[in-house]
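Source file: start_36.pdb (PDB, C-alpha atoms, pLDDT in the B column)
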ATOM      1  CA  MET R   1       0.000   0.000   0.000  1.00 96.00           C
ATOM      2  CA  GLU R   2       0.993   3.614  -0.426  1.00 97.00           C
ATOM      3  CA  LEU R   3       1.641   5.044   3.040  1.00 98.00           C
ATOM      4  CA  SER R   4       1.859   8.683   2.014  1.00 98.00           C
ATOM      5  CA  GLY R   5      -1.579  10.166   2.502  1.00 98.00           C
ATOM      6  CA  ALA R   6      -3.022   6.926   3.899  1.00 98.00           C
ATOM      7  CA  ARG R   7      -5.790   7.708   6.400  1.00 98.00           C
ATOM      8  CA  THR R   8      -4.478   5.770   9.374  1.00 98.00           C
ATOM      9  CA  LEU R   9      -5.735   4.967  12.866  1.00 98.00           C
ATOM     10  CA  VAL R  10      -3.069   3.790  15.308  1.00 98.00           C
ATOM     11  CA  VAL R  11      -4.563   2.172  18.409  1.00 98.00           C
ATOM     12  CA  GLY R  12      -2.019   1.974  21.205  1.00 97.00           C
ATOM     13  CA  ALA R  13      -0.243   5.138  20.101  1.00 97.00           C
ATOM     14  CA  THR R  14       0.741   5.999  23.695  1.00 94.00           C
ATOM     15  CA  GLY R  15       2.783   2.804  24.116  1.00 93.00           C
ATOM     16  CA  VAL R  16       6.468   2.492  23.276  1.00 91.00           C
ATOM     17  CA  LEU R  17       5.916   0.374  20.175  1.00 93.00           C
ATOM     18  CA  GLY R  18       2.748   2.188  19.121  1.00 95.00           C
ATOM     19  CA  GLY R  19       4.514   5.506  19.563  1.00 95.00           C
ATOM     20  CA  ALA R  20       7.440   4.398  17.423  1.00 96.00           C
ATOM     21  CA  LEU R  21       5.064   3.168  14.725  1.00 97.00           C
ATOM     22  CA  THR R  22       3.207   6.463  14.889  1.00 97.00           C
ATOM     23  CA  GLU R  23       6.391   8.457  14.329  1.00 97.00           C
ATOM     24  CA  ALA R  24       7.436   6.207  11.458  1.00 98.00           C
ATOM     25  CA  LEU R  25       4.053   6.431   9.738  1.00 98.00           C
ATOM     26  CA  ARG R  26       4.047  10.202  10.218  1.00 97.00           C
ATOM     27  CA  ASP R  27       7.486  10.352   8.581  1.00 97.00           C
ATOM     28  CA  GLN R  28       6.058   8.363   5.668  1.00 98.00           C
ATOM     29  CA  GLY R  29       3.370  11.007   5.174  1.00 98.00           C
ATOM     30  CA  ALA R  30       0.406   9.076   6.567  1.00 98.00           C
ATOM     31  CA  THR R  31      -2.623  11.077   7.720  1.00 98.00           C
ATOM     32  CA  LEU R  32      -3.013  10.008  11.336  1.00 98.00           C
ATOM     33  CA  ALA R  33      -5.645   9.587  14.010  1.00 98.00           C
ATOM     34  CA  LEU R  34      -4.310   8.317  17.330  1.00 98.00           C
ATOM     35  CA  ALA R  35      -5.920   6.355  20.155  1.00 98.00           C
ATOM     36  CA  GLY R  36      -4.525   5.252  23.489  1.00 97.00           C
ATOM     37  CA  ARG R  37      -5.346   4.543  27.096  1.00 94.00           C
ATOM     38  CA  THR R  38      -4.278   8.108  27.852  1.00 93.00           C
ATOM     39  CA  ASP R  39      -4.704  11.010  25.456  1.00 92.00           C
ATOM     40  CA  PRO R  40      -2.038  10.693  22.729  1.00 93.00           C
ATOM     41  CA  SER R  41       0.097  13.639  21.693  1.00 85.00           C
ATOM     42  CA  GLY R  42      -1.079  14.403  18.188  1.00 86.00           C
ATOM     43  CA  ALA R  43       0.806  16.691  15.819  1.00 86.00           C
ATOM     44  CA  ASP R  44      -0.611  19.405  13.585  1.00 86.00           C
ATOM     45  CA  GLY R  45      -4.219  18.865  14.552  1.00 91.00           C
ATOM     46  CA  GLU R  46      -4.219  15.073  14.353  1.00 97.00           C
ATOM     47  CA  PRO R  47      -7.426  13.778  15.969  1.00 98.00           C
ATOM     48  CA  THR R  48      -6.859  11.863  19.201  1.00 97.00           C
ATOM     49  CA  PHE R  49      -9.054   9.504  21.202  1.00 98.00           C
ATOM     50  CA  THR R  50      -8.896   7.603  24.471  1.00 97.00           C
ATOM     51  CA  LEU R  51     -10.089   4.070  25.152  1.00 97.00           C
ATOM     52  CA  ASP R  52      -9.847   1.350  27.763  1.00 97.00           C
ATOM     53  CA  ALA R  53      -9.157  -2.026  26.130  1.00 97.00           C
ATOM     54  CA  LEU R  54     -11.421  -3.680  28.707  1.00 97.00           C
ATOM     55  CA  ASP R  55     -14.358  -1.677  27.282  1.00 98.00           C
ATOM     56  CA  LEU R  56     -15.121  -3.473  24.025  1.00 98.00           C
ATOM     57  CA  GLU R  57     -17.908  -1.095  23.021  1.00 98.00           C
ATOM     58  CA  ARG R  58     -15.531   1.840  23.332  1.00 98.00           C
ATOM     59  CA  CYS R  59     -12.896  -0.012  21.295  1.00 98.00           C
ATOM     60  CA  ALA R  60     -15.344  -0.314  18.412  1.00 98.00           C
ATOM     61  CA  ALA R  61     -16.636   3.244  18.765  1.00 98.00           C
ATOM     62  CA  VAL R  62     -13.146   4.755  18.426  1.00 98.00           C
ATOM     63  CA  VAL R  63     -12.863   3.314  14.921  1.00 98.00           C
ATOM     64  CA  ASP R  64     -16.018   5.058  13.706  1.00 98.00           C
ATOM     65  CA  GLU R  65     -14.958   8.308  15.369  1.00 98.00           C
ATOM     66  CA  ALA R  66     -11.564   8.162  13.646  1.00 98.00           C
ATOM     67  CA  ALA R  67     -13.175   7.389  10.280  1.00 98.00           C
ATOM     68  CA  ASP R  68     -15.460  10.396  10.685  1.00 98.00           C
ATOM     69  CA  ALA R  69     -12.514  12.630  11.601  1.00 98.00           C
ATOM     70  CA  LEU R  70     -10.352  11.499   8.664  1.00 98.00           C
ATOM     71  CA  GLY R  71     -13.093  11.056   6.086  1.00 98.00           C
ATOM     72  CA  GLY R  72     -12.501   7.305   5.919  1.00 98.00           C
ATOM     73  CA  LEU R  73      -9.782   4.799   6.782  1.00 98.00           C
ATOM     74  CA  ASP R  74      -7.112   3.160   4.646  1.00 98.00           C
ATOM     75  CA  LEU R  75      -5.083   1.576   7.460  1.00 98.00           C
ATOM     76  CA  VAL R  76      -5.936   0.528  10.997  1.00 98.00           C
ATOM     77  CA  PHE R  77      -2.959  -0.550  13.101  1.00 98.00           C
ATOM     78  CA  VAL R  78      -3.531  -2.095  16.534  1.00 98.00           C
ATOM     79  CA  ALA R  79      -0.607  -2.216  18.976  1.00 97.00           C
ATOM     80  CA  ILE R  80      -2.134  -2.935  22.376  1.00 97.00           C
ATOM     81  CA  GLY R  81      -1.495  -5.702  24.866  1.00 93.00           C
ATOM     82  CA  VAL R  82      -0.685  -6.822  28.386  1.00 92.00           C
ATOM     83  CA  ALA R  83       1.548  -9.585  29.738  1.00 89.00           C
ATOM     84  CA  GLY R  84       1.038 -12.220  32.417  1.00 90.00           C
ATOM     85  CA  PHE R  85       3.500 -14.783  33.763  1.00 89.00           C
ATOM     86  CA  GLY R  86       3.718 -17.838  35.985  1.00 86.00           C
ATOM     87  CA  GLU R  87       1.219 -19.423  38.330  1.00 86.00           C
ATOM     88  CA  GLU R  88      -0.166 -16.017  39.240  1.00 85.00           C
ATOM     89  CA  SER R  89      -1.517 -15.645  35.705  1.00 88.00           C
ATOM     90  CA  GLU R  90      -3.213 -19.046  35.653  1.00 90.00           C
ATOM     91  CA  ASN R  91      -6.519 -18.109  37.248  1.00 94.00           C
ATOM     92  CA  ASP R  92      -9.847 -17.092  35.795  1.00 95.00           C
ATOM     93  CA  VAL R  93      -9.594 -13.384  36.588  1.00 95.00           C
ATOM     94  CA  VAL R  94      -6.160 -12.856  35.031  1.00 94.00           C
ATOM     95  CA  THR R  95      -6.914 -15.140  32.083  1.00 95.00           C
ATOM     96  CA  GLU R  96     -10.048 -13.125  31.330  1.00 96.00           C
ATOM     97  CA  HIS R  97      -8.007  -9.915  31.506  1.00 96.00           C
ATOM     98  CA  LEU R  98      -5.361 -11.254  29.134  1.00 96.00           C
ATOM     99  CA  LEU R  99      -7.906 -12.599  26.658  1.00 97.00           C
ATOM    100  CA  THR R 100      -9.914  -9.376  26.703  1.00 98.00           C
ATOM    101  CA  VAL R 101      -7.017  -6.989  26.150  1.00 97.00           C
ATOM    102  CA  ASN R 102      -4.880  -9.172  23.872  1.00 97.00           C
ATOM    103  CA  ALA R 103      -7.599 -10.812  21.790  1.00 98.00           C
ATOM    104  CA  GLN R 104     -11.146  -9.532  22.249  1.00 98.00           C
ATOM    105  CA  ALA R 105     -10.293  -5.819  22.156  1.00 98.00           C
ATOM    106  CA  PRO R 106      -8.268  -6.058  18.926  1.00 98.00           C
ATOM    107  CA  MET R 107     -11.019  -8.217  17.421  1.00 98.00           C
ATOM    108  CA  ALA R 108     -13.644  -5.610  18.340  1.00 98.00           C
ATOM    109  CA  ILE R 109     -11.516  -2.908  16.720  1.00 98.00           C
ATOM    110  CA  GLY R 110     -10.992  -5.073  13.661  1.00 98.00           C
ATOM    111  CA  ARG R 111     -14.680  -5.851  13.230  1.00 98.00           C
ATOM    112  CA  ALA R 112     -15.521  -2.158  13.446  1.00 98.00           C
ATOM    113  CA  ALA R 113     -12.753  -1.317  10.966  1.00 98.00           C
ATOM    114  CA  LEU R 114     -13.640  -3.833   8.257  1.00 97.00           C
ATOM    115  CA  PRO R 115     -16.559  -1.906   6.704  1.00 96.00           C
ATOM    116  CA  HIS R 116     -14.374   1.194   6.380  1.00 97.00           C
ATOM    117  CA  LEU R 117     -11.455  -0.773   4.972  1.00 97.00           C
ATOM    118  CA  THR R 118     -13.683  -2.603   2.518  1.00 94.00           C
ATOM    119  CA  ASP R 119     -14.790   0.763   1.147  1.00 92.00           C
ATOM    120  CA  SER R 120     -11.170   1.872   0.661  1.00 92.00           C
ATOM    121  CA  GLY R 121      -9.496  -1.441  -0.143  1.00 94.00           C
ATOM    122  CA  GLY R 122      -7.365  -0.844   2.923  1.00 97.00           C
ATOM    123  CA  THR R 123      -5.246  -2.758   5.418  1.00 98.00           C
ATOM    124  CA  LEU R 124      -5.874  -4.089   8.923  1.00 98.00           C
ATOM    125  CA  ALA R 125      -2.621  -4.666  10.824  1.00 98.00           C
ATOM    126  CA  MET R 126      -2.127  -5.954  14.363  1.00 98.00           C
ATOM    127  CA  ILE R 127       0.668  -6.900  16.729  1.00 97.00           C
ATOM    128  CA  SER R 128       0.204 -10.394  18.127  1.00 95.00           C
ATOM    129  CA  ALA R 129       3.431 -12.131  19.274  1.00 93.00           C
ATOM    130  CA  ILE R 130       5.815 -14.983  18.654  1.00 93.00           C
ATOM    131  CA  LEU R 131       3.915 -16.731  21.464  1.00 92.00           C
ATOM    132  CA  ALA R 132       1.240 -17.491  18.867  1.00 93.00           C
ATOM    133  CA  ASP R 133       3.782 -19.766  17.166  1.00 92.00           C
ATOM    134  CA  VAL R 134       5.738 -20.831  20.236  1.00 92.00           C
ATOM    135  CA  PRO R 135       3.456 -21.276  23.297  1.00 92.00           C
ATOM    136  CA  THR R 136       5.777 -21.013  26.267  1.00 89.00           C
ATOM    137  CA  PRO R 137       5.774 -22.618  29.735  1.00 90.00           C
ATOM    138  CA  GLY R 138       5.078 -20.055  32.421  1.00 88.00           C
ATOM    139  CA  MET R 139       3.053 -18.041  29.915  1.00 90.00           C
ATOM    140  CA  ALA R 140       0.162 -20.389  29.124  1.00 93.00           C
ATOM    141  CA  ALA R 141      -2.720 -17.907  29.336  1.00 94.00           C
ATOM    142  CA  TYR R 142      -0.569 -15.167  27.786  1.00 92.00           C
ATOM    143  CA  SER R 143       0.351 -17.488  24.899  1.00 94.00           C
ATOM    144  CA  ALA R 144      -3.301 -18.488  24.446  1.00 96.00           C
ATOM    145  CA  SER R 145      -4.402 -14.852  24.173  1.00 97.00           C
ATOM    146  CA  LYS R 146      -1.855 -14.115  21.457  1.00 96.00           C
ATOM    147  CA  ALA R 147      -2.619 -17.336  19.597  1.00 97.00           C
ATOM    148  CA  ALA R 148      -6.325 -16.466  19.645  1.00 97.00           C
ATOM    149  CA  LEU R 149      -5.680 -13.109  17.997  1.00 98.00           C
ATOM    150  CA  SER R 150      -3.344 -14.588  15.392  1.00 98.00           C
ATOM    151  CA  ALA R 151      -5.892 -17.284  14.517  1.00 97.00           C
ATOM    152  CA  TRP R 152      -8.614 -14.644  14.144  1.00 98.00           C
ATOM    153  CA  LEU R 153      -6.422 -12.616  11.801  1.00 98.00           C
ATOM    154  CA  THR R 154      -5.661 -15.672   9.661  1.00 97.00           C
ATOM    155  CA  ALA R 155      -9.317 -16.650   9.358  1.00 97.00           C
ATOM    156  CA  THR R 156     -10.400 -13.057   8.730  1.00 97.00           C
ATOM    157  CA  ARG R 157      -7.803 -12.659   5.994  1.00 96.00           C
ATOM    158  CA  GLY R 158      -9.202 -15.636   4.121  1.00 92.00           C
ATOM    159  CA  GLY R 159     -12.699 -14.196   4.176  1.00 88.00           C
ATOM    160  CA  LEU R 160     -11.622 -10.783   2.873  1.00 90.00           C
ATOM    161  CA  ARG R 161      -9.499 -11.681  -0.154  1.00 82.00           C
ATOM    162  CA  LYS R 162     -12.243 -10.996  -2.674  1.00 85.00           C
ATOM    163  CA  GLN R 163     -13.044  -7.656  -1.015  1.00 90.00           C
ATOM    164  CA  GLY R 164      -9.532  -6.313  -1.501  1.00 92.00           C
ATOM    165  CA  VAL R 165      -8.802  -5.862   2.214  1.00 96.00           C
ATOM    166  CA  ARG R 166      -5.324  -6.899   3.362  1.00 97.00           C
ATOM    167  CA  VAL R 167      -4.666  -8.293   6.841  1.00 98.00           C
ATOM    168  CA  LEU R 168      -1.193  -8.134   8.413  1.00 98.00           C
ATOM    169  CA  ASP R 169      -0.275 -10.194  11.489  1.00 98.00           C
ATOM    170  CA  VAL R 170       2.952  -9.031  13.156  1.00 97.00           C
ATOM    171  CA  ARG R 171       4.378 -11.707  15.475  1.00 97.00           C
ATOM    172  CA  PRO R 172       7.565 -10.303  17.047  1.00 93.00           C
ATOM    173  CA  PRO R 173       9.683 -11.794  19.820  1.00 89.00           C
ATOM    174  CA  HIS R 174      10.071 -10.076  23.176  1.00 83.00           C
ATOM    175  CA  ILE R 175      10.665  -6.382  22.469  1.00 81.00           C
ATOM    176  CA  GLU R 176      12.177  -4.001  25.007  1.00 72.00           C
ATOM    177  CA  THR R 177       9.147  -1.784  25.573  1.00 74.00           C
ATOM    178  CA  GLY R 178       8.791  -2.198  29.340  1.00 66.00           C
ATOM    179  CA  LEU R 179       5.638  -4.297  28.874  1.00 66.00           C
ATOM    180  CA  VAL R 180       6.963  -7.182  30.971  1.00 67.00           C
ATOM    181  CA  ASP R 181       7.604  -4.791  33.843  1.00 68.00           C
ATOM    182  CA  ARG R 182       3.897  -3.887  33.824  1.00 77.00           C
ATOM    183  CA  ALA R 183       2.589  -7.462  33.783  1.00 82.00           C
ATOM    184  CA  VAL R 184      -0.906  -7.920  35.189  1.00 85.00           C
ATOM    185  CA  ALA R 185       0.377 -10.959  37.118  1.00 86.00           C
ATOM    186  CA  GLY R 186       3.668 -12.675  37.891  1.00 81.00           C
ATOM    187  CA  THR R 187       7.196 -11.805  36.880  1.00 83.00           C
ATOM    188  CA  VAL R 188       9.024 -12.593  33.664  1.00 78.00           C
ATOM    189  CA  PRO R 189      10.559 -16.098  33.797  1.00 74.00           C
ATOM    190  CA  SER R 190      14.332 -16.378  34.070  1.00 71.00           C
ATOM    191  CA  GLY R 191      16.068 -17.234  30.846  1.00 65.00           C
ATOM    192  CA  ILE R 192      13.860 -15.159  28.563  1.00 69.00           C
ATOM    193  CA  ARG R 193      15.886 -13.692  25.721  1.00 66.00           C
ATOM    194  CA  ALA R 194      16.821 -10.044  25.813  1.00 61.00           C
ATOM    195  CA  GLY R 195      14.363  -7.888  23.965  1.00 63.00           C
ATOM    196  CA  SER R 196      14.793  -7.129  20.288  1.00 74.00           C
ATOM    197  CA  ASP R 197      15.167  -3.632  18.888  1.00 90.00           C
ATOM    198  CA  VAL R 198      12.025  -1.514  18.411  1.00 93.00           C
ATOM    199  CA  ALA R 199      13.453   0.317  15.405  1.00 94.00           C
ATOM    200  CA  THR R 200      14.220  -2.943  13.597  1.00 94.00           C
ATOM    201  CA  LEU R 201      10.687  -4.198  14.106  1.00 95.00           C
ATOM    202  CA  VAL R 202       9.204  -0.896  12.926  1.00 97.00           C
ATOM    203  CA  GLY R 203      11.303  -1.076   9.771  1.00 97.00           C
ATOM    204  CA  GLN R 204      10.011  -4.582   9.071  1.00 97.00           C
ATOM    205  CA  VAL R 205       6.428  -3.464   9.636  1.00 98.00           C
ATOM    206  CA  LEU R 206       6.759  -0.552   7.206  1.00 98.00           C
ATOM    207  CA  GLU R 207       8.212  -2.838   4.541  1.00 98.00           C
ATOM    208  CA  ALA R 208       5.422  -5.359   5.111  1.00 98.00           C
ATOM    209  CA  LEU R 209       2.785  -2.635   4.714  1.00 98.00           C
ATOM    210  CA  ARG R 210       4.387  -1.215   1.576  1.00 98.00           C
ATOM    211  CA  SER R 211       4.662  -4.657  -0.047  1.00 97.00           C
ATOM    212  CA  ASP R 212       1.190  -5.884   1.028  1.00 96.00           C
ATOM    213  CA  ARG R 213       2.519  -8.817   3.049  1.00 97.00           C
ATOM    214  CA  ARG R 214       0.442 -11.035   5.326  1.00 97.00           C
ATOM    215  CA  THR R 215       2.843 -11.709   8.192  1.00 98.00           C
ATOM    216  CA  VAL R 216       5.946 -10.474   9.958  1.00 96.00           C
ATOM    217  CA  THR R 217       7.478 -13.395  11.866  1.00 95.00           C
ATOM    218  CA  PHE R 218      10.698 -14.033  13.758  1.00 92.00           C
ATOM    219  CA  ASP R 219      13.008 -17.065  13.591  1.00 90.00           C
ATOM    220  CA  LEU R 220      14.468 -17.740  17.029  1.00 84.00           C
ATOM    221  CA  ARG R 221      17.270 -19.859  15.563  1.00 86.00           C
ATOM    222  CA  SER R 222      18.544 -17.309  13.070  1.00 88.00           C
ATOM    223  CA  GLY R 223      17.485 -14.236  15.017  1.00 86.00           C
ATOM    224  CA  GLU R 224      16.017 -12.708  11.880  1.00 91.00           C
ATOM    225  CA  TYR R 225      12.625 -11.440  10.769  1.00 94.00           C
ATOM    226  CA  ALA R 226      10.807 -12.824   7.749  1.00 94.00           C
ATOM    227  CA  LEU R 227       7.970 -11.333   5.719  1.00 97.00           C
ATOM    228  CA  GLY R 228       5.284 -13.711   4.518  1.00 97.00           C
TER     229      GLY R 228
END

Please express the file's structure as structure tokens.
Amino acid sequence: MELSGARTLVVGATGVLGGALTEALRDQGATLALAGRTDPSGADGEPTFTLDALDLERCAAVVDEAADALGGLDLVFVAIGVAGFGEESENDVVTEHLLTVNAQAPMAIGRAALPHLTDSGGTLAMISAILADVPTPGMAAYSASKAALSAWLTATRGGLRKQGVRVLDVRPPHIETGLVDRAVAGTVPSGIRAGSDVATLVGQVLEALRSDRRTVTFDLRSGEYALG
């Protein structure tokens, strides 16, 4: 897709990764609307919105508000999530939290976005995680939430081919964004690999968007990203 001039909603723009993606898309000339848990810092009159990922109705409403503000949507990028580790995360309350924020909220945003993207032949892009491919001990509920989102993106992509809507699933490894330090339960297991570089991931995402790819994945053995 052509990023310059693309009417783009970034959900999670106040996070480290979402903020970096926002800056990169702005540098590419995208026309931005920003949403976050706190009010994002928009530039040059960019419309901004707040949402709580636990409020699924609000998640969907933000999409329509952004479409109204921008006169339509060509790209919706979702970069929200929470982490949970160990035995503390393996209970109903924490599992529900992880599934809501990591899977149900992005799905609600995606469902609301699809009519707008169908009109424009646009792109729906979301950050899931390598955990979707590599479920990890000590992160069972966390892995399940990311796998659920990735599966939804795969199935949704298949149903949208004829409508010209592209779906991008970004499945990075652990990235140094501070997310693990704000886990809703538990502490990060010992032995987890050091986080990858945010700038490298952002570069891969931009290339995937420009070349209409379906996935950005990471090979733990080679330590390299691949576009699919």

Next on the checklist: Tell me which residues come within 9 Å of (-5.0, 10.5, 1.4), as a PyMOL selection string, counting only C-alpha atoms in the file's coordinates.
Outcome noted: chain R and resi 3-7+30-31+74

Item to check | Length of the atom CA of Ala33 of chain R to atom CA of Ala132 of chain R vector [Å] | outcome: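 One can read the atom CA of Ala33 of chain R to atom CA of Ala132 of chain R distance as 28.4 Å.
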
Next on the checklist: With all atoms listed in the file as the counted atoms, please give the residues lying no more than 7 Å from Met126 of chain R, apart from itself and same-chain residues fewer than 3 positions off, as an MDAnalysis selection string.
Outcome noted: chainID R and resid 77:79 168:170

The selected residues should be written to file as a compact mmCIF listing (two decimals), in the coordinates of the input (atoms: C-alpha atoms).
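And here's out06.txt as it stands now:
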# COMPACT_ATOMS: atom_id res chain seq x y z
CA PHE R 77 -2.96 -0.55 13.10
CA VAL R 78 -3.53 -2.10 16.53
CA ALA R 79 -0.61 -2.22 18.98
CA LEU R 168 -1.19 -8.13 8.41
CA ASP R 169 -0.28 -10.19 11.49
CA VAL R 170 2.95 -9.03 13.16

Next on the checklist: Need the shell around segment 95-105 of chain R: protein/DNA/RNA residues with any atom at most 6 Å away, counting all atoms listed in the file. Skip same-chain ones fewer than 5 positions apart. Format as number ranges by chain?
Outcome noted: R: 53, 56, 81, 141, 145, 149

Checklist entry - What does the distance from atom CA of Gly72 of chain R to atom CA of Lys146 of chain R come to in Å, to one decimal? => result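 Computed distance, atom CA of Gly72 of chain R to atom CA of Lys146 of chain R, equals 28.5 Å.
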
Next on the checklist: Just to confirm, what's the straight-line distance from atom CA of Gly86 of chain R to atom CA of Val188 of chain R in Å (one decimal)?
Outcome noted: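 Atom CA of Val188 of chain R lies 7.8 Å from atom CA of Gly86 of chain R.
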
Box for segment 36-52 of chain R: with edges along x, y and z, all listed atoms inside and 5 Å added on each side, what are the centre and edge lengths in Å to one decimal, as AutoDock Vina command-line options?
--center_x -4.6 --center_y 10.4 --center_z 20.7 --size_x 20.9 --size_y 28.1 --size_z 24.3

Checklist entry - Hey, which of R:Leu9, R:Leu73, R:Ile109, R:Ala83 ends up closest to Ala144 of chain R? Count all atoms listed in the file. => result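 Closest to Ala144 of chain R, using all atoms listed in the file: R:Ala83.
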
Checklist entry - Could you tell me, as a ChimeraX atom specification, which residues have any atom at most 12 Å from (-13.7, 5.7, 14.0), counting all atoms listed in the file? => result /R:7-11,32-35,47-51,58-76,109-117

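If all atoms listed in the file are the atoms counted, then among R:Pro137, R:Gly223, R:Gly15, R:Gly203 the closest residue to Asp39 of chain R is R:Gly15.
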
Item to check | the PyMOL selection byres ((chain R and resi 214) around 8) applied to the shown file, residues as number ranges by chain | outcome: R: 166-169, 208, 212-213, 215-216, 227-228

Item to check | Pick from R:Leu209, R:Ala147, R:Ala20, R:Leu220 nearest to Thr123 of chain R, counting all atoms listed in the file | outcome: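 Counting all atoms listed in the file, the residue closest to Thr123 of chain R is R:Leu209.
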
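Applied to this file, the PyMOL selection byres ((chain R and resi 14) around 7) selects Gly12, Ala13, Gly15, Val16, Gly18, Gly19, Gly36, Thr38 and Pro40 of chain R.
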
Checklist entry - With only C-alpha atoms as the atoms that count, which of R:Ala148, R:Ala183, R:Arg157, R:Ile127 lies nearest to Glu88 of chain R? => result R:Ala183

Take the structure in the block and write a file for segment 78-91 of chain R, N, CA, C and O atoms, as an mmCIF file, in the first residue's frame.
data_model
loop_
_atom_site.group_PDB
_atom_site.id
_atom_site.type_symbol
_atom_site.label_atom_id
_atom_site.label_comp_id
_atom_site.auth_asym_id
_atom_site.auth_seq_id
_atom_site.Cartn_x
_atom_site.Cartn_y
_atom_site.Cartn_z
ATOM 1 N N VAL R 78 -3.231 -1.858 15.123
ATOM 2 C CA VAL R 78 -3.531 -2.095 16.534
ATOM 3 C C VAL R 78 -2.277 -2.607 17.226
ATOM 4 O O VAL R 78 -1.738 -3.666 16.870
ATOM 5 N N ALA R 79 -1.814 -1.860 18.226
ATOM 6 C CA ALA R 79 -0.607 -2.216 18.976
ATOM 7 C C ALA R 79 -0.892 -2.094 20.468
ATOM 8 O O ALA R 79 -0.337 -1.232 21.157
ATOM 9 N N ILE R 80 -1.795 -2.944 20.954
ATOM 10 C CA ILE R 80 -2.134 -2.935 22.376
ATOM 11 C C ILE R 80 -1.899 -4.329 22.945
ATOM 12 O O ILE R 80 -1.910 -5.319 22.211
ATOM 13 N N GLY R 81 -1.676 -4.398 24.255
ATOM 14 C CA GLY R 81 -1.495 -5.702 24.866
ATOM 15 C C GLY R 81 -1.017 -5.594 26.300
ATOM 16 O O GLY R 81 -0.515 -4.550 26.731
ATOM 17 N N VAL R 82 -1.198 -6.690 27.026
ATOM 18 C CA VAL R 82 -0.685 -6.822 28.386
ATOM 19 C C VAL R 82 -0.041 -8.195 28.516
ATOM 20 O O VAL R 82 -0.328 -9.107 27.737
ATOM 21 N N ALA R 83 0.840 -8.329 29.512
ATOM 22 C CA ALA R 83 1.548 -9.585 29.738
ATOM 23 C C ALA R 83 1.118 -10.198 31.065
ATOM 24 O O ALA R 83 0.651 -9.502 31.968
ATOM 25 N N GLY R 84 1.295 -11.507 31.173
ATOM 26 C CA GLY R 84 1.038 -12.220 32.417
ATOM 27 C C GLY R 84 1.918 -13.453 32.475
ATOM 28 O O GLY R 84 2.070 -14.169 31.479
ATOM 29 N N PHE R 85 2.514 -13.710 33.654
ATOM 30 C CA PHE R 85 3.500 -14.783 33.763
ATOM 31 C C PHE R 85 3.231 -15.678 34.975
ATOM 32 O O PHE R 85 2.674 -15.241 35.990
ATOM 33 N N GLY R 86 3.666 -16.929 34.856
ATOM 34 C CA GLY R 86 3.718 -17.838 35.985
ATOM 35 C C GLY R 86 2.378 -18.264 36.529
ATOM 36 O O GLY R 86 1.317 -18.044 35.936
ATOM 37 N N GLU R 87 2.425 -18.904 37.687
ATOM 38 C CA GLU R 87 1.219 -19.423 38.330
ATOM 39 C C GLU R 87 0.218 -18.319 38.640
ATOM 40 O O GLU R 87 -0.989 -18.547 38.625
ATOM 41 N N GLU R 88 0.728 -17.125 38.900
ATOM 42 C CA GLU R 88 -0.166 -16.017 39.240
ATOM 43 C C GLU R 88 -1.101 -15.666 38.085
ATOM 44 O O GLU R 88 -2.185 -15.115 38.303
ATOM 45 N N SER R 89 -0.687 -15.977 36.864
ATOM 46 C CA SER R 89 -1.517 -15.645 35.705
ATOM 47 C C SER R 89 -2.491 -16.753 35.338
ATOM 48 O O SER R 89 -3.327 -16.581 34.461
ATOM 49 N N GLU R 90 -2.376 -17.899 36.006
ATOM 50 C CA GLU R 90 -3.213 -19.046 35.653
ATOM 51 C C GLU R 90 -4.428 -19.124 36.569
ATOM 52 O O GLU R 90 -4.626 -20.090 37.299
ATOM 53 N N ASN R 91 -5.231 -18.076 36.551
ATOM 54 C CA ASN R 91 -6.519 -18.109 37.248
ATOM 55 C C ASN R 91 -7.533 -17.403 36.369
ATOM 56 O O ASN R 91 -7.194 -16.728 35.400
#
